[in-house]
file data.pdb (PDB, C-alpha atoms)
ATOM      1  CA  MET A   1       0.000   0.000   0.000
ATOM      2  CA  ASN A   2       1.227   3.522  -0.798
ATOM      3  CA  ASN A   3       1.593   5.528   2.421
ATOM      4  CA  PHE A   4       2.657   8.794   0.767
ATOM      5  CA  THR A   5       0.779  11.553   2.619
ATOM      6  CA  MET A   6      -0.706  14.803   1.433
ATOM      7  CA  ALA A   7      -2.207  17.398   3.787
ATOM      8  CA  GLY A   8      -3.188  14.821   6.398
ATOM      9  CA  MET A   9      -4.691  12.267   4.020
ATOM     10  CA  THR A  10      -3.073   9.355   2.259
ATOM     11  CA  LEU A  11      -3.403   8.225  -1.333
ATOM     12  CA  GLU A  12      -4.645   4.894  -0.046
ATOM     13  CA  GLN A  13      -7.463   6.623   1.831
ATOM     14  CA  LEU A  14      -8.440   8.406  -1.380
ATOM     15  CA  ARG A  15      -8.449   5.136  -3.309
ATOM     16  CA  ILE A  16     -10.642   3.522  -0.666
ATOM     17  CA  PHE A  17     -12.975   6.522  -0.600
ATOM     18  CA  LEU A  18     -13.371   6.458  -4.409
ATOM     19  CA  ALA A  19     -14.169   2.752  -4.329
ATOM     20  CA  VAL A  20     -16.935   3.325  -1.783
ATOM     21  CA  ALA A  21     -18.212   6.309  -3.775
ATOM     22  CA  GLU A  22     -18.331   4.159  -6.906
ATOM     23  CA  HIS A  23     -20.045   1.131  -5.385
ATOM     24  CA  LEU A  24     -21.959   2.928  -2.589
ATOM     25  CA  HIS A  25     -21.307  -0.214  -0.602
ATOM     26  CA  PHE A  26     -18.514  -0.784   1.937
ATOM     27  CA  THR A  27     -18.268  -4.549   1.483
ATOM     28  CA  ARG A  28     -18.190  -4.407  -2.335
ATOM     29  CA  ALA A  29     -15.536  -1.683  -2.162
ATOM     30  CA  ALA A  30     -13.458  -3.894   0.126
ATOM     31  CA  GLU A  31     -13.811  -6.856  -2.241
ATOM     32  CA  ASN A  32     -12.821  -4.714  -5.199
ATOM     33  CA  LEU A  33      -9.687  -3.491  -3.381
ATOM     34  CA  TYR A  34      -8.856  -6.911  -1.869
ATOM     35  CA  ILE A  35      -8.865  -5.538   1.670
ATOM     36  CA  THR A  36     -11.133  -6.126   4.652
ATOM     37  CA  GLN A  37     -14.400  -4.318   5.230
ATOM     38  CA  PRO A  38     -13.201  -2.976   8.634
ATOM     39  CA  ALA A  39     -10.177  -1.441   6.853
ATOM     40  CA  VAL A  40     -12.530   0.377   4.479
ATOM     41  CA  SER A  41     -14.689   1.643   7.335
ATOM     42  CA  ALA A  42     -11.622   2.793   9.274
ATOM     43  CA  ALA A  43     -10.266   4.749   6.289
ATOM     44  CA  ILE A  44     -13.577   6.561   5.742
ATOM     45  CA  GLN A  45     -14.006   7.262   9.457
ATOM     46  CA  SER A  46     -10.472   8.650   9.631
ATOM     47  CA  LEU A  47     -11.169  11.100   6.794
ATOM     48  CA  GLU A  48     -14.477  12.173   8.338
ATOM     49  CA  THR A  49     -12.888  12.697  11.742
ATOM     50  CA  GLU A  50      -9.841  14.545  10.394
ATOM     51  CA  TYR A  51     -11.900  17.059   8.390
ATOM     52  CA  ARG A  52     -15.057  17.072  10.520
ATOM     53  CA  VAL A  53     -17.350  16.271   7.597
ATOM     54  CA  LYS A  54     -19.740  13.493   6.726
ATOM     55  CA  LEU A  55     -18.781  11.798   3.440
ATOM     56  CA  PHE A  56     -21.561   9.198   3.372
ATOM     57  CA  HIS A  57     -25.018   8.814   4.881
ATOM     58  CA  ARG A  58     -25.442   5.313   6.280
ATOM     59  CA  ILE A  59     -29.142   4.442   6.285
ATOM     60  CA  GLY A  60     -29.367   0.817   7.375
ATOM     61  CA  ARG A  61     -27.522  -1.095   4.644
ATOM     62  CA  HIS A  62     -28.038   1.746   2.203
ATOM     63  CA  VAL A  63     -25.175   4.214   1.560
ATOM     64  CA  GLU A  64     -25.578   7.683   0.033
ATOM     65  CA  ILE A  65     -22.787  10.132  -0.796
ATOM     66  CA  THR A  66     -23.055  13.603   0.789
ATOM     67  CA  GLU A  67     -22.250  16.988  -0.772
ATOM     68  CA  ALA A  68     -18.856  16.886   0.951
ATOM     69  CA  GLY A  69     -18.357  13.422  -0.462
ATOM     70  CA  LYS A  70     -19.171  14.616  -3.980
ATOM     71  CA  LEU A  71     -16.593  17.386  -3.670
ATOM     72  CA  LEU A  72     -13.916  14.971  -2.440
ATOM     73  CA  GLN A  73     -14.828  12.488  -5.191
ATOM     74  CA  LEU A  74     -14.194  15.086  -7.891
ATOM     75  CA  GLU A  75     -10.908  16.266  -6.428
ATOM     76  CA  ALA A  76      -9.671  12.783  -5.465
ATOM     77  CA  GLN A  77     -10.081  11.605  -9.053
ATOM     78  CA  LYS A  78      -7.928  14.510 -10.248
ATOM     79  CA  ILE A  79      -5.278  13.855  -7.587
ATOM     80  CA  LEU A  80      -4.941  10.133  -8.298
ATOM     81  CA  GLU A  81      -4.917  10.754 -12.044
ATOM     82  CA  GLN A  82      -2.067  13.233 -11.654
ATOM     83  CA  VAL A  83      -0.174  10.840  -9.397
ATOM     84  CA  ALA A  84      -0.535   8.093 -12.021
ATOM     85  CA  LEU A  85       0.774  10.406 -14.737
ATOM     86  CA  THR A  86       3.708  11.436 -12.543
ATOM     87  CA  GLU A  87       4.562   7.805 -11.879
ATOM     88  CA  ARG A  88       4.451   7.111 -15.626
ATOM     89  CA  GLY A  89       6.749  10.061 -16.249
ATOM     90  CA  LEU A  90       9.254   8.810 -13.678
ATOM     91  CA  ARG A  91       9.223   5.316 -15.162
ATOM     92  CA  GLU A  92      10.023   6.776 -18.565
ATOM     93  CA  LEU A  93      13.325   8.226 -17.320
ATOM     94  CA  ASN A  94      14.877   4.955 -18.481
ATOM     95  CA  ASN A  95      15.256   6.017 -22.131
ATOM     96  CA  LEU A  96      11.915   4.574 -23.268
ATOM     97  CA  GLN A  97      12.826   1.036 -22.243
ATOM     98  CA  ARG A  98       9.416   0.408 -20.693
ATOM     99  CA  GLY A  99       6.067   2.101 -20.189
ATOM    100  CA  GLU A 100       2.658   2.325 -21.835
ATOM    101  CA  LEU A 101       1.130   4.277 -24.719
ATOM    102  CA  LYS A 102      -2.651   4.669 -24.604
ATOM    103  CA  LEU A 103      -4.179   5.320 -28.016
ATOM    104  CA  GLY A 104      -7.772   5.812 -29.077
ATOM    105  CA  SER A 105      -8.630   5.412 -32.738
ATOM    106  CA  SER A 106     -11.722   5.619 -34.868
ATOM    107  CA  LEU A 107     -12.514   2.389 -36.671
ATOM    108  CA  THR A 108     -11.259   3.005 -40.209
ATOM    109  CA  ILE A 109      -7.928   4.394 -39.049
ATOM    110  CA  GLY A 110      -7.542   1.700 -36.404
ATOM    111  CA  ASN A 111      -8.297  -1.184 -38.715
ATOM    112  CA  TYR A 112      -6.574  -0.095 -41.925
ATOM    113  CA  TRP A 113      -3.894   2.490 -41.216
ATOM    114  CA  LEU A 114      -2.733   2.426 -37.612
ATOM    115  CA  PRO A 115      -1.510  -1.216 -37.258
ATOM    116  CA  GLU A 116       1.522  -0.541 -39.473
ATOM    117  CA  LYS A 117       2.426   2.536 -37.444
ATOM    118  CA  ILE A 118       2.151   0.664 -34.135
ATOM    119  CA  SER A 119       4.283  -2.201 -35.483
ATOM    120  CA  GLN A 120       7.017   0.197 -36.586
ATOM    121  CA  PHE A 121       6.942   1.973 -33.213
ATOM    122  CA  GLN A 122       7.213  -1.294 -31.291
ATOM    123  CA  ARG A 123      10.100  -2.509 -33.443
ATOM    124  CA  GLU A 124      12.066   0.501 -32.243
ATOM    125  CA  TYR A 125      10.687   0.587 -28.678
ATOM    126  CA  SER A 126      10.005  -3.058 -27.925
ATOM    127  CA  GLY A 127       9.575  -2.517 -24.190
ATOM    128  CA  ILE A 128       6.639  -0.131 -24.619
ATOM    129  CA  MET A 129       3.162  -1.633 -24.324
ATOM    130  CA  VAL A 130       0.697  -0.039 -26.746
ATOM    131  CA  ASN A 131      -2.882  -0.144 -25.526
ATOM    132  CA  CYS A 132      -5.192   0.850 -28.392
ATOM    133  CA  THR A 133      -8.975   1.225 -28.134
ATOM    134  CA  LEU A 134     -11.159   1.328 -31.254
ATOM    135  CA  ALA A 135     -14.466   3.191 -31.195
ATOM    136  CA  ASN A 136     -16.313   5.770 -33.237
ATOM    137  CA  THR A 137     -15.051   9.336 -33.508
ATOM    138  CA  GLU A 138     -17.353  10.747 -30.848
ATOM    139  CA  GLU A 139     -16.231   8.191 -28.251
ATOM    140  CA  ILE A 140     -12.532   8.753 -29.044
ATOM    141  CA  CYS A 141     -12.951  12.515 -28.597
ATOM    142  CA  LEU A 142     -14.623  12.004 -25.215
ATOM    143  CA  GLY A 143     -11.961   9.516 -24.130
ATOM    144  CA  THR A 144      -9.150  11.887 -25.080
ATOM    145  CA  ALA A 145     -10.864  14.742 -23.250
ATOM    146  CA  ASN A 146     -11.247  12.764 -20.000
ATOM    147  CA  GLY A 147      -7.702  11.364 -20.019
ATOM    148  CA  GLN A 148      -8.461   7.827 -21.146
ATOM    149  CA  PHE A 149      -6.122   8.211 -24.152
ATOM    150  CA  ASP A 150      -2.748   9.938 -24.579
ATOM    151  CA  LEU A 151      -3.542  10.530 -28.245
ATOM    152  CA  GLY A 152      -6.620  10.114 -30.384
ATOM    153  CA  LEU A 153      -6.772   9.511 -34.130
ATOM    154  CA  ILE A 154     -10.066  10.323 -35.803
ATOM    155  CA  GLU A 155     -11.579  10.881 -39.237
ATOM    156  CA  GLY A 156     -14.560  12.912 -38.071
ATOM    157  CA  GLU A 157     -15.020  16.273 -36.406
ATOM    158  CA  VAL A 158     -14.395  17.356 -32.834
ATOM    159  CA  LYS A 159     -17.656  18.629 -31.369
ATOM    160  CA  PRO A 160     -17.690  22.358 -30.511
ATOM    161  CA  THR A 161     -18.128  21.529 -26.810
ATOM    162  CA  LEU A 162     -14.751  19.725 -26.793
ATOM    163  CA  GLN A 163     -12.743  22.016 -29.072
ATOM    164  CA  LYS A 164     -11.496  24.122 -26.135
ATOM    165  CA  LEU A 165     -10.118  20.986 -24.489
ATOM    166  CA  LEU A 166      -8.624  19.204 -27.490
ATOM    167  CA  ASN A 167      -5.846  20.267 -29.810
ATOM    168  CA  GLN A 168      -6.351  18.864 -33.313
ATOM    169  CA  GLU A 169      -3.921  18.565 -36.192
ATOM    170  CA  GLU A 170      -4.335  17.076 -39.665
ATOM    171  CA  ILE A 171      -1.939  14.209 -40.402
ATOM    172  CA  GLY A 172      -3.237  13.260 -43.829
ATOM    173  CA  SER A 173      -6.424  12.637 -45.713
ATOM    174  CA  ASP A 174      -8.661   9.861 -46.921
ATOM    175  CA  ARG A 175     -11.232   9.682 -49.689
ATOM    176  CA  LEU A 176     -14.784   8.537 -49.234
ATOM    177  CA  LEU A 177     -16.238   6.601 -52.148
ATOM    178  CA  ILE A 178     -19.815   5.869 -53.122
ATOM    179  CA  ILE A 179     -19.745   2.108 -53.689
ATOM    180  CA  VAL A 180     -22.137  -0.514 -55.071
ATOM    181  CA  GLY A 181     -22.004  -4.274 -55.586
ATOM    182  CA  ARG A 182     -22.259  -6.313 -58.777
ATOM    183  CA  SER A 183     -26.028  -6.739 -58.529
ATOM    184  CA  HIS A 184     -26.670  -2.990 -58.354
ATOM    185  CA  PRO A 185     -27.853  -1.265 -61.561
ATOM    186  CA  TRP A 186     -25.115   1.342 -61.169
ATOM    187  CA  PHE A 187     -22.343  -1.265 -61.336
ATOM    188  CA  GLU A 188     -22.234  -1.065 -65.151
ATOM    189  CA  ARG A 189     -22.551   2.710 -65.249
ATOM    190  CA  ASP A 190     -19.607   5.009 -65.894
ATOM    191  CA  LYS A 191     -21.004   7.906 -63.865
ATOM    192  CA  ILE A 192     -24.062   8.876 -61.822
ATOM    193  CA  ASP A 193     -25.663  12.290 -61.742
ATOM    194  CA  LEU A 194     -26.074  13.897 -58.351
ATOM    195  CA  THR A 195     -29.854  13.848 -58.663
ATOM    196  CA  GLU A 196     -29.820  10.038 -58.997
ATOM    197  CA  LEU A 197     -28.586   9.545 -55.419
ATOM    198  CA  LYS A 198     -32.241   9.638 -54.357
ATOM    199  CA  ASN A 199     -33.115   6.696 -56.630
ATOM    200  CA  THR A 200     -31.455   3.876 -54.683
ATOM    201  CA  ASP A 201     -31.489   2.324 -51.213
ATOM    202  CA  TRP A 202     -28.641   3.273 -48.860
ATOM    203  CA  VAL A 203     -26.734   1.680 -45.990
ATOM    204  CA  MET A 204     -25.251   4.156 -43.513
ATOM    205  CA  ARG A 205     -22.916   4.184 -40.519
ATOM    206  CA  GLU A 206     -24.254   5.171 -37.111
ATOM    207  CA  ALA A 207     -24.433   8.744 -35.824
ATOM    208  CA  GLY A 208     -21.113   9.625 -34.170
ATOM    209  CA  SER A 209     -19.104   7.783 -36.825
ATOM    210  CA  GLY A 210     -16.478   9.880 -38.593
ATOM    211  CA  THR A 211     -17.470   8.313 -41.913
ATOM    212  CA  GLN A 212     -21.095   9.312 -41.382
ATOM    213  CA  GLN A 213     -20.164  12.825 -40.277
ATOM    214  CA  ARG A 214     -18.109  13.446 -43.418
ATOM    215  CA  LEU A 215     -20.665  11.870 -45.745
ATOM    216  CA  GLU A 216     -23.461  14.041 -44.373
ATOM    217  CA  GLU A 217     -21.217  17.090 -44.621
ATOM    218  CA  ALA A 218     -20.445  16.326 -48.290
ATOM    219  CA  LEU A 219     -24.106  15.737 -49.117
ATOM    220  CA  ASN A 220     -25.027  19.053 -47.525
ATOM    221  CA  ASN A 221     -22.342  20.799 -49.555
ATOM    222  CA  TRP A 222     -23.798  19.219 -52.691
ATOM    223  CA  GLY A 223     -27.264  20.401 -51.762
ATOM    224  CA  VAL A 224     -28.566  16.921 -50.889
ATOM    225  CA  ASN A 225     -30.429  16.378 -47.620
ATOM    226  CA  LEU A 226     -29.852  13.066 -45.899
ATOM    227  CA  SER A 227     -33.607  12.821 -45.327
ATOM    228  CA  ASP A 228     -34.087  12.724 -49.104
ATOM    229  CA  LEU A 229     -32.144   9.447 -49.375
ATOM    230  CA  LYS A 230     -33.787   6.067 -48.814
ATOM    231  CA  VAL A 231     -31.767   4.782 -45.852
ATOM    232  CA  ILE A 232     -32.849   1.215 -45.164
ATOM    233  CA  LEU A 233     -30.111   0.130 -42.753
ATOM    234  CA  VAL A 234     -27.773   1.758 -40.186
ATOM    235  CA  LEU A 235     -24.736  -0.278 -39.068
ATOM    236  CA  ASN A 236     -21.953   0.416 -36.578
ATOM    237  CA  THR A 237     -18.918  -0.924 -38.496
ATOM    238  CA  GLY A 238     -17.594  -0.357 -41.986
ATOM    239  CA  GLU A 239     -17.048  -4.092 -42.430
ATOM    240  CA  MET A 240     -20.760  -4.733 -41.958
ATOM    241  CA  VAL A 241     -21.606  -1.969 -44.423
ATOM    242  CA  LYS A 242     -19.203  -3.436 -46.965
ATOM    243  CA  ALA A 243     -20.662  -6.929 -46.598
ATOM    244  CA  VAL A 244     -24.236  -5.696 -47.123
ATOM    245  CA  VAL A 245     -23.245  -3.708 -50.215
ATOM    246  CA  GLU A 246     -21.466  -6.730 -51.720
ATOM    247  CA  GLU A 247     -24.593  -8.849 -51.416
ATOM    248  CA  GLY A 248     -27.409  -6.361 -52.055
ATOM    249  CA  GLN A 249     -28.679  -3.683 -54.366
ATOM    250  CA  VAL A 250     -27.727  -0.801 -52.076
ATOM    251  CA  ALA A 251     -25.202   2.017 -52.104
ATOM    252  CA  ALA A 252     -22.966   3.305 -49.308
ATOM    253  CA  GLY A 253     -20.294   5.896 -48.586
ATOM    254  CA  ILE A 254     -17.134   4.165 -47.390
ATOM    255  CA  SER A 255     -13.397   4.756 -47.000
ATOM    256  CA  GLU A 256     -11.186   3.957 -49.975
ATOM    257  CA  LEU A 257      -8.765   2.305 -47.545
ATOM    258  CA  MET A 258     -11.454  -0.194 -46.574
ATOM    259  CA  VAL A 259     -12.441  -1.340 -50.067
ATOM    260  CA  LYS A 260      -9.122  -1.180 -51.907
ATOM    261  CA  LYS A 261      -8.886  -4.964 -52.338
ATOM    262  CA  GLU A 262     -12.546  -5.385 -53.354
ATOM    263  CA  LEU A 263     -12.199  -2.639 -55.962
ATOM    264  CA  GLN A 264      -9.136  -4.353 -57.447
ATOM    265  CA  LEU A 265     -10.978  -7.696 -57.589
ATOM    266  CA  GLY A 266     -14.063  -6.119 -59.146
ATOM    267  CA  ILE A 267     -16.332  -7.200 -56.281
ATOM    268  CA  LEU A 268     -17.297  -3.595 -55.610
ATOM    269  CA  LYS A 269     -17.324  -0.511 -57.784
ATOM    270  CA  ALA A 270     -16.817   3.120 -56.859
ATOM    271  CA  VAL A 271     -19.288   5.169 -58.836
ATOM    272  CA  ARG A 272     -18.334   8.633 -60.060
ATOM    273  CA  ILE A 273     -20.764  11.334 -58.989
ATOM    274  CA  VAL A 274     -21.164  14.283 -61.349
ATOM    275  CA  ASP A 275     -23.195  17.445 -61.009
ATOM    276  CA  HIS A 276     -25.178  18.492 -64.084
ATOM    277  CA  ARG A 277     -25.406  22.020 -62.686
ATOM    278  CA  LEU A 278     -21.667  22.515 -63.172
ATOM    279  CA  ASN A 279     -19.931  22.976 -66.489
ATOM    280  CA  ASP A 280     -18.682  19.775 -68.122
ATOM    281  CA  TYR A 281     -20.419  17.657 -65.483
ATOM    282  CA  GLN A 282     -17.675  18.168 -62.932
ATOM    283  CA  GLU A 283     -16.936  15.098 -60.815
ATOM    284  CA  LEU A 284     -17.586  15.542 -57.085
ATOM    285  CA  GLN A 285     -15.018  14.419 -54.533
ATOM    286  CA  LEU A 286     -15.374  13.399 -50.881
ATOM    287  CA  ILE A 287     -12.018  14.132 -49.242
ATOM    288  CA  ARG A 288     -11.830  13.924 -45.449
ATOM    289  CA  PRO A 289      -8.901  14.676 -43.139
ATOM    290  CA  PHE A 290      -7.355  12.290 -40.649
ATOM    291  CA  LEU A 291      -6.852  14.161 -37.378
ATOM    292  CA  LYS A 292      -4.569  13.642 -34.393
ATOM    293  CA  ILE A 293      -6.087  14.973 -31.189
ATOM    294  CA  LYS A 294      -4.665  15.447 -27.696
ATOM    295  CA  HIS A 295      -5.674  17.302 -24.562
ATOM    296  CA  ARG A 296      -4.475  20.894 -24.480
ATOM    297  CA  GLN A 297      -3.537  20.882 -20.778
ATOM    298  CA  ARG A 298      -2.994  17.311 -19.607
ATOM    299  CA  PHE A 299       0.558  16.124 -19.078
ATOM    300  CA  GLN A 300       1.901  14.380 -22.177
ATOM    301  CA  THR A 301       4.302  11.524 -21.536
ATOM    302  CA  ARG A 302       7.614  11.180 -23.317
ATOM    303  CA  ILE A 303       6.307   7.985 -24.927
ATOM    304  CA  SER A 304       3.324   9.846 -26.326
ATOM    305  CA  GLN A 305       5.544  12.647 -27.623
ATOM    306  CA  THR A 306       7.826  10.140 -29.342
ATOM    307  CA  PHE A 307       4.957   8.326 -31.065
ATOM    308  CA  GLU A 308       3.475  11.658 -32.142
ATOM    309  CA  LYS A 309       6.771  12.698 -33.763
ATOM    310  CA  MET A 310       6.959   9.381 -35.607
ATOM    311  CA  LEU A 311       3.564  10.058 -37.182
ATOM    312  CA  PHE A 312       5.111  13.051 -38.947
ATOM    313  CA  SER A 313       8.537  11.591 -39.700
ATOM    314  CA  ASN A 314       9.739   9.794 -42.808
ATOM    315  CA  GLU A 315      10.082   6.631 -40.727
ATOM    316  CA  ILE A 316       6.295   6.244 -40.958
ATOM    317  CA  PRO A 317       5.223   7.269 -44.463
ATOM    318  CA  ILE A 318       1.764   8.822 -44.691
ATOM    319  CA  GLN A 319       0.676   6.588 -47.531
ATOM    320  CA  PHE A 320      -2.944   7.698 -47.541
ATOM    321  CA  THR A 321      -1.997  11.124 -48.941
ATOM    322  CA  GLN A 322      -1.760   9.297 -52.281
ATOM    323  CA  LEU A 323      -5.530   8.865 -52.204
ATOM    324  CA  ARG A 324      -6.145  12.499 -53.076
ATOM    325  CA  ALA A 325      -7.889  12.867 -56.418
TER
END

call {"tool": "encode", "arguments": {"input": "data.pdb", "output": "structure tokens"}}
result
Amino acid sequence: MNNFTMAGMTLEQLRIFLAVAEHLHFTRAAENLYITQPAVSAAIQSLETEYRVKLFHRIGRHVEITEAGKLLQLEAQKILEQVALTERGLRELNNLQRGELKLGSSLTIGNYWLPEKISQFQREYSGIMVNCTLANTEEICLGTANGQFDLGLIEGEVKPTLQKLLNQEEIGSDRLLIIVGRSHPWFERDKIDLTELKNTDWVMREAGSGTQQRLEEALNNWGVNLSDLKVILVLNTGEMVKAVVEEGQVAAGISELMVKKELQLGILKAVRIVDHRLNDYQELQLIRPFLKIKHRQRFQTRISQTFEKMLFSNEIPIQFTQLRA
């Protein structure tokens, strides 16, 4: 147990308090911490006695957190988080021989672009454990804002409510394609007029997906409302969207990275969208940026800084920039 003290309270007391605040149950908190229930009660009683406050109401077997408890819960979380970051920083004073990198990535980047970058990083820093979580753009932004991730990689937009917390930087771009399968009438067509987008069934990604955000943004720029399209299915992974398009007579907007092999094999086709309102039927493009995000104020570990630099170095070529039309 860590007996380091701060202003009359110990880190261990804070950990015990947070466990009780989370479970609102002394015995379950004890089980979670692998200590005895009397030890939990003693730690809480010591805090209450030291600061002359009531942290929990004990009503029979029922436990409720007080206003003082809510205040301590908020501050204790910040304290323990900072202690954990400080410990990580101290461990990294061994020339990056060990430590952990916590990444959050949206699905397309995580599945089709990031694995090569992680492999190259670990070849150079074999003692570093890379912990990568895949989720949609909205979840990665939230996780980066609350300290779950050192860095986030997304292909969508950062919501206005989080822009003050998160620094964002473009590290490349990807192209969204409108794709169809062999059984779709458009498969044999050379190009599709913008007005024809309303004449087919569509499969979409879920709200909060970077792919969906960028597709809706492009449609709006083209003067097409999403409500005008016949959306018959909403799925939460690009792989599921791709599988449905391969087998059905539906269209979808999907990353070029995701369908590169299927396009080469002729299983899927990317249809060219042209706008009759523009001279020479100008072809419309759906280019979206890949963004690196990080918290503006949270401590950034040396490991995180090193990985970030590698994203911009020649050691990790940004191959997706070749996808620009």

call {"tool": "closest_atom_pairs", "arguments": {"input": "data.pdb", "of": "range 228-310 of chain A", "to": "range 169-177 of chain A", "cutoff": "12 Å", "atoms": "only C-alpha atoms", "output": "JSON lines"}}
result
{"residue": "A:Gly238", "atom": "CA", "partner": "A:Leu176", "partner_atom": "CA", "distance": 11.8}
{"residue": "A:Lys242", "atom": "CA", "partner": "A:Leu177", "partner_atom": "CA", "distance": 11.7}
{"residue": "A:Ala251", "atom": "CA", "partner": "A:Leu177", "partner_atom": "CA", "distance": 10.1}
{"residue": "A:Ala252", "atom": "CA", "partner": "A:Leu177", "partner_atom": "CA", "distance": 8.0}
{"residue": "A:Gly253", "atom": "CA", "partner": "A:Leu177", "partner_atom": "CA", "distance": 5.4}
{"residue": "A:Ile254", "atom": "CA", "partner": "A:Leu176", "partner_atom": "CA", "distance": 5.3}
{"residue": "A:Ser255", "atom": "CA", "partner": "A:Leu176", "partner_atom": "CA", "distance": 4.6}
{"residue": "A:Glu256", "atom": "CA", "partner": "A:Arg175", "partner_atom": "CA", "distance": 5.7}
{"residue": "A:Leu257", "atom": "CA", "partner": "A:Asp174", "partner_atom": "CA", "distance": 7.6}
{"residue": "A:Met258", "atom": "CA", "partner": "A:Leu176", "partner_atom": "CA", "distance": 9.7}
{"residue": "A:Val259", "atom": "CA", "partner": "A:Leu177", "partner_atom": "CA", "distance": 9.0}
{"residue": "A:Lys260", "atom": "CA", "partner": "A:Leu177", "partner_atom": "CA", "distance": 10.5}
{"residue": "A:Leu263", "atom": "CA", "partner": "A:Leu177", "partner_atom": "CA", "distance": 10.8}
{"residue": "A:Leu268", "atom": "CA", "partner": "A:Leu177", "partner_atom": "CA", "distance": 10.8}
{"residue": "A:Lys269", "atom": "CA", "partner": "A:Leu177", "partner_atom": "CA", "distance": 9.1}
{"residue": "A:Ala270", "atom": "CA", "partner": "A:Leu177", "partner_atom": "CA", "distance": 5.9}
{"residue": "A:Val271", "atom": "CA", "partner": "A:Leu177", "partner_atom": "CA", "distance": 7.5}
{"residue": "A:Arg272", "atom": "CA", "partner": "A:Leu177", "partner_atom": "CA", "distance": 8.4}
{"residue": "A:Ile273", "atom": "CA", "partner": "A:Leu177", "partner_atom": "CA", "distance": 9.5}
{"residue": "A:Leu284", "atom": "CA", "partner": "A:Leu177", "partner_atom": "CA", "distance": 10.3}
{"residue": "A:Gln285", "atom": "CA", "partner": "A:Arg175", "partner_atom": "CA", "distance": 7.8}
{"residue": "A:Leu286", "atom": "CA", "partner": "A:Leu176", "partner_atom": "CA", "distance": 5.2}
{"residue": "A:Ile287", "atom": "CA", "partner": "A:Arg175", "partner_atom": "CA", "distance": 4.5}
{"residue": "A:Arg288", "atom": "CA", "partner": "A:Asp174", "partner_atom": "CA", "distance": 5.4}
{"residue": "A:Pro289", "atom": "CA", "partner": "A:Ser173", "partner_atom": "CA", "distance": 4.1}
{"residue": "A:Phe290", "atom": "CA", "partner": "A:Ser173", "partner_atom": "CA", "distance": 5.2}
{"residue": "A:Leu291", "atom": "CA", "partner": "A:Glu170", "partner_atom": "CA", "distance": 4.5}
{"residue": "A:Lys292", "atom": "CA", "partner": "A:Glu169", "partner_atom": "CA", "distance": 5.3}
{"residue": "A:Ile293", "atom": "CA", "partner": "A:Glu169", "partner_atom": "CA", "distance": 6.5}
{"residue": "A:Lys294", "atom": "CA", "partner": "A:Glu169", "partner_atom": "CA", "distance": 9.1}
{"residue": "A:His295", "atom": "CA", "partner": "A:Glu169", "partner_atom": "CA", "distance": 11.8}
{"residue": "A:Arg296", "atom": "CA", "partner": "A:Glu169", "partner_atom": "CA", "distance": 12.0}
{"residue": "A:Glu308", "atom": "CA", "partner": "A:Ile171", "partner_atom": "CA", "distance": 10.2}
{"residue": "A:Lys309", "atom": "CA", "partner": "A:Ile171", "partner_atom": "CA", "distance": 11.1}
{"residue": "A:Met310", "atom": "CA", "partner": "A:Ile171", "partner_atom": "CA", "distance": 11.2}

call {"tool": "resolve_selection", "arguments": {"input": "data.pdb", "expression": "the PyMOL selection byres ((chain A and resi 125) around 12)", "output": "VMD selection string"}}
result
chain A and resid 92 94 to 101 118 to 124 126 to 130 303 306 to 307 310

call {"tool": "resolve_selection", "arguments": {"input": "data.pdb", "expression": "the PyMOL selection byres ((chain A and resi 149-153) around 10)", "output": "MDAnalysis selection string"}}
result
chainID A and resid 100:110 114 131:134 137 140:148 154:156 166 168:171 290:295 298:301 303:305 307:308

call {"tool": "write_last_selection", "arguments": {"input": "data.pdb", "atoms": "C-alpha atoms", "output": "short mmCIF file (atom, residue, chain, number, x, y, z; two decimals), in the frame of the given file"}}
result
data_model
loop_
_atom_site.label_atom_id
_atom_site.label_comp_id
_atom_site.auth_asym_id
_atom_site.auth_seq_id
_atom_site.Cartn_x
_atom_site.Cartn_y
_atom_site.Cartn_z
CA GLU A 100 2.66 2.33 -21.84
CA LEU A 101 1.13 4.28 -24.72
CA LYS A 102 -2.65 4.67 -24.60
CA LEU A 103 -4.18 5.32 -28.02
CA GLY A 104 -7.77 5.81 -29.08
CA SER A 105 -8.63 5.41 -32.74
CA SER A 106 -11.72 5.62 -34.87
CA LEU A 107 -12.51 2.39 -36.67
CA THR A 108 -11.26 3.00 -40.21
CA ILE A 109 -7.93 4.39 -39.05
CA GLY A 110 -7.54 1.70 -36.40
CA LEU A 114 -2.73 2.43 -37.61
CA ASN A 131 -2.88 -0.14 -25.53
CA CYS A 132 -5.19 0.85 -28.39
CA THR A 133 -8.98 1.23 -28.13
CA LEU A 134 -11.16 1.33 -31.25
CA THR A 137 -15.05 9.34 -33.51
CA ILE A 140 -12.53 8.75 -29.04
CA CYS A 141 -12.95 12.52 -28.60
CA LEU A 142 -14.62 12.00 -25.22
CA GLY A 143 -11.96 9.52 -24.13
CA THR A 144 -9.15 11.89 -25.08
CA ALA A 145 -10.86 14.74 -23.25
CA ASN A 146 -11.25 12.76 -20.00
CA GLY A 147 -7.70 11.36 -20.02
CA GLN A 148 -8.46 7.83 -21.15
CA ILE A 154 -10.07 10.32 -35.80
CA GLU A 155 -11.58 10.88 -39.24
CA GLY A 156 -14.56 12.91 -38.07
CA LEU A 166 -8.62 19.20 -27.49
CA GLN A 168 -6.35 18.86 -33.31
CA GLU A 169 -3.92 18.57 -36.19
CA GLU A 170 -4.34 17.08 -39.66
CA ILE A 171 -1.94 14.21 -40.40
CA PHE A 290 -7.36 12.29 -40.65
CA LEU A 291 -6.85 14.16 -37.38
CA LYS A 292 -4.57 13.64 -34.39
CA ILE A 293 -6.09 14.97 -31.19
CA LYS A 294 -4.66 15.45 -27.70
CA HIS A 295 -5.67 17.30 -24.56
CA ARG A 298 -2.99 17.31 -19.61
CA PHE A 299 0.56 16.12 -19.08
CA GLN A 300 1.90 14.38 -22.18
CA THR A 301 4.30 11.52 -21.54
CA ILE A 303 6.31 7.98 -24.93
CA SER A 304 3.32 9.85 -26.33
CA GLN A 305 5.54 12.65 -27.62
CA PHE A 307 4.96 8.33 -31.06
CA GLU A 308 3.48 11.66 -32.14
#
